[in-house]
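Trainee: I'd like to ask you about the structure that follows.
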Amino acid sequence: MDIKNVTVAGAGVLGSQIAFQAAFFGFKVTLYDINDEAVKAGREKLQKLVPIYADYFNNEKLAQETLNKIKITSDLEASLKDSDLMIEAIPELFNIKVDFYKSVANLAPEKTIFATNSSTMMPSQFREDTGREEKFLALHFANEVWKNNTGEVMGHDRTHEQYVQDVLTFAAEIGMIPIHVKKEQPGYVLNSLLVPLLQAAEQLYAHGIADIETIDRTWMAATGAPLGPFAILDVVGLNTAYNIATASASANPAMHAVAEMLKKEYVDKGNLGTSTGEGFYKYPNPSYREENFVKKTMKKRDKGDA
Ligand SMILES: NC(=O)C1=CN([C@@H]2O[C@H](COP(=O)(O)OP(=O)(O)OC[C@H]3O[C@@H](n4cnc5c(N)ncnc54)[C@H](OP(=O)(O)O)[C@@H]3O)[C@@H](O)[C@H]2O)C=CC1
Ligand SMILES: O=C(CO)[C@H](O)[C@H](O)COP(=O)(O)O
């Protein structure tokens, strides 16, 4: 199938990036969100991406044209009109996703392929709600899609191979490294590796083993990684981290304290990470960017904590 018209549902952290990336690479994109307020917030997110794309791809004109090309609406039916591919990037909450798939099942044309960007859920959990099992799969992006450009494509055991191939092709056409995940796996390749790391860091902090900077510094110093887990979590967004922590707590009781910490100390205060200017760190100049962050000696208040 020749994919031309793309609908992205959810204009949050990831949805805005996916929409911008697809439009930047020449696709006709409609971005949907649930109400006028969310549409306004989505438009602001798209605007913030203009200088980022202009710099990263050294093409200011195309970045500006991309913003002007993306249609953004709260009319779900209109957003799906003539859609070849609908990428769902709504909150990581099971019931919200189920309700969403139930409504789009009847609104989208028969030809539309549905792809979920869920971080940790699997397509088989929703396939019966989509009205198109064989055209439903996952296309998972990493945050900051323009540079962290993996596009993980994962069907369930009733997804038709043709649509897996179509979406792999689409991923490559929008500048992603297409990664075929051959069997269903919660978290694909990336989050099977990343989520355990992030959650281990959250637990170390929530259980009082070490403070945030110490944990990040340890990871950076010992592995040479450019960012520690808390800096990554700020990019992910702490509302998404909270949703995932809450869902993990039934299988892993240690995550209860993490979910509580994320809610009380961050989500309830509106400090969601880089998108709001504050999360575990303060932006635009977080301490982990300081020259001696990794090597600096522990501050007095850290002594005894780590
Ligand atoms: N953040 C990350 O690093 C990554 C996230 N993902 C996945 O992408 C998905 C979205 O995450 P993220 O962008 O971080 O989340 P956000 O909370 O930033 O964005 C979700 C958006 O969906 C909107 N929304 C809420 N309910 C509905 C609905 N019923 N229909 C349509 N839109 C709705 C929200 O509006 P409002 O704010 O008004 O509720 C918000 O604009 C999740 O499944 C997440 O796991 C995947 C890869 C990376
Ligand atoms: O999907 C992702 C990146 O591709 C995020 O890593 C994932 O949402 C992070 O989860 P958590 O904060 O619970 O560890």
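Going through the structure tokens in order, the chains are called A, B, and so on, while each chain numbers its residues from 1 and the ligands are numbered from 1 in the order shown.
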Near A:Arg127, within 7 Å and counting only C-alpha atoms, which residues show up once chain neighbours fewer than 4 positions away are dropped, as JSON, numbers by chain?
Mentor: {"A": [123, 133, 136]}
Trainee: Looking only at helix (DSSP H, G or I) from DSSP on the backbone, list the matching residues of stretch 25-190 of chain A as JSON, numbers by chain.
Mentor: {"A": [36, 37, 38, 39, 40, 41, 42, 43, 44, 45, 46, 47, 48, 49, 50, 51, 52, 53, 54, 55, 56, 60, 61, 62, 63, 64, 65, 66, 67, 68, 69, 76, 77, 78, 79, 80, 94, 95, 96, 97, 98, 99, 100, 101, 102, 103, 104, 105, 106, 107, 123, 124, 125, 127, 128, 129, 133, 134, 135, 161, 162, 163, 164, 165, 166, 167, 168, 169, 170, 171, 172, 173, 190]}
Trainee: Hey, what's within 6 Å of stretch 216-233 of chain A if we count only C-alpha atoms and toss same-chain stuff fewer than 3 positions away? As a tab-separated table (two decimals) with all heavy atoms, in the first residue's frame, please?
Mentor:
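So out_21.tsv came out as:
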chain	number	residue	atom	x	y	z
A	198	LEU	N	15.39	2.65	33.77
A	198	LEU	CA	14.74	3.83	34.34
A	198	LEU	C	14.02	3.48	35.64
A	198	LEU	O	14.07	4.24	36.62
A	198	LEU	CB	13.76	4.43	33.32
A	198	LEU	CG	14.36	4.89	31.99
A	198	LEU	CD1	13.29	5.49	31.08
A	198	LEU	CD2	15.49	5.89	32.19
A	213	GLU	N	21.10	13.18	41.40
A	213	GLU	CA	22.35	13.50	40.70
A	213	GLU	C	23.37	12.37	40.87
A	213	GLU	O	24.12	12.05	39.95
A	213	GLU	CB	22.93	14.82	41.21
A	213	GLU	CG	22.10	16.02	40.77
A	213	GLU	CD	22.82	17.34	41.03
A	213	GLU	OE1	23.84	17.34	41.75
A	213	GLU	OE2	22.35	18.36	40.50
A	236	VAL	N	11.40	11.92	28.58
A	236	VAL	CA	10.22	11.06	28.40
A	236	VAL	C	8.95	11.82	28.80
A	236	VAL	O	7.94	11.80	28.10
A	236	VAL	CB	10.35	9.78	29.26
A	236	VAL	CG1	9.01	9.04	29.39
A	236	VAL	CG2	11.41	8.85	28.68
A	294	VAL	N	29.96	15.14	36.15
A	294	VAL	CA	30.26	13.73	36.43
A	294	VAL	C	31.36	13.61	37.47
A	294	VAL	O	31.30	12.78	38.37
A	294	VAL	CB	30.67	12.99	35.13
A	294	VAL	CG1	31.19	11.59	35.43
A	294	VAL	CG2	29.48	12.91	34.19
Trainee: Pick out each residue of stretch 53-284 of chain A that DSSP on the backbone tags as strand (DSSP E or B); I need them as a count of residues only.
Mentor: 30
Trainee: Residues within 8 Å of ligand 2 (only C-alpha atoms and all ligand atoms), as a list in words?
Mentor: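 The neighbouring residues of ligand 2 are, in order, Ser118, Ser119, Thr120, His140, Phe141, Ala142, Asn143, Gly187, Leu190, Asn191, Leu194, Val195, Pro196, Leu197, Leu198, Gln199, Ile232, Leu233, Val236, Gly237, Leu238, Thr240, Ala241, Tyr242, Asn243, Ile244 and Ala245 of chain A.
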Trainee: Show which residues sit within 12 Å of stretch 163-170 of chain A, as number ranges by chain. Count only C-alpha atoms, and ignore same-chain residues fewer than 3 positions away.
Mentor: A: 1-6, 21-22, 25-27, 84-87, 111-116, 132-140, 150-160, 173-183
Trainee: Measuring between only C-alpha atoms and all ligand atoms, which one of A:Gln47, A:Thr66, A:Thr276, A:Asn285 shows the shortest distance to ligand 1?
Mentor: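 Nearest to ligand 1: A:Thr276.
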Trainee: Between A:Ile34, A:Leu204, A:Val8, A:Val189, single out the one closest to ligand 1, counting only C-alpha atoms and all ligand atoms.
Mentor: A:Ile34
Trainee: When you draw a straight line from atom CA of A:Ala11 to atom CA of A:Met255, how long is it in Å?
Mentor: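 Answer for the atom CA of A:Ala11 to atom CA of A:Met255 separation: 27.9 Å.
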Trainee: Could you list, as JSON, numbers by chain, every residue within 7 Å of A:Ser16, counting only C-alpha atoms and ignoring same-chain residues fewer than 6 positions away?
Mentor: {"A": [42, 45, 46]}
Trainee: Generate a file of the selected residues that holds all heavy atoms, formatted as a short mmCIF file (atom, residue, chain, number, x, y, z; two decimals), in the first residue's frame.
Mentor:
data_model
loop_
_atom_site.label_atom_id
_atom_site.label_comp_id
_atom_site.auth_asym_id
_atom_site.auth_seq_id
_atom_site.Cartn_x
_atom_site.Cartn_y
_atom_site.Cartn_z
N GLY A 42 -1.00 21.35 21.64
CA GLY A 42 -0.32 20.61 20.56
C GLY A 42 0.30 21.57 19.56
O GLY A 42 1.44 21.38 19.12
N LYS A 45 3.42 22.92 20.89
CA LYS A 45 4.51 21.93 20.82
C LYS A 45 5.10 21.89 19.41
O LYS A 45 6.31 21.83 19.23
CB LYS A 45 4.00 20.54 21.21
CG LYS A 45 3.77 20.40 22.69
CD LYS A 45 3.62 18.93 23.08
CE LYS A 45 3.56 18.78 24.58
NZ LYS A 45 2.39 19.42 25.23
N LEU A 46 4.22 21.95 18.39
CA LEU A 46 4.70 21.96 17.01
C LEU A 46 5.57 23.19 16.76
O LEU A 46 6.63 23.10 16.12
CB LEU A 46 3.53 21.95 16.02
CG LEU A 46 2.65 20.70 15.97
CD1 LEU A 46 1.47 20.91 15.03
CD2 LEU A 46 3.44 19.47 15.53
#
Trainee: Nearest to ligand 1 among A:Gly10, A:Pro186, A:Pro253, A:Pro284, with distances taken over only C-alpha atoms and all ligand atoms: which residue is it?
Mentor: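 Ranked by minimum distance to ligand 1, first place goes to A:Gly10.
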Trainee: With only C-alpha atoms and all ligand atoms as the atoms that count, which of A:Ile52, A:Ala108, A:Val98, A:Ala172 lies nearest to ligand 1?
Mentor: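 Going through A:Ile52, A:Ala108, A:Val98, A:Ala172 one by one, the smallest distance to ligand 1 is for A:Val98.
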Trainee: For A:Asp129, which residue out of A:Asp99, A:Glu278, A:Glu144, A:Glu265 is the nearest one, using only C-alpha atoms?
Mentor: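 Nearest to A:Asp129: A:Asp99.
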Trainee: Do you have the atom CA of A:Ala247-atom CA of A:Ala210 distance handy?
Mentor: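 So the two atoms, atom CA of A:Ala247 and atom CA of A:Ala210, lie 24.1 Å apart.
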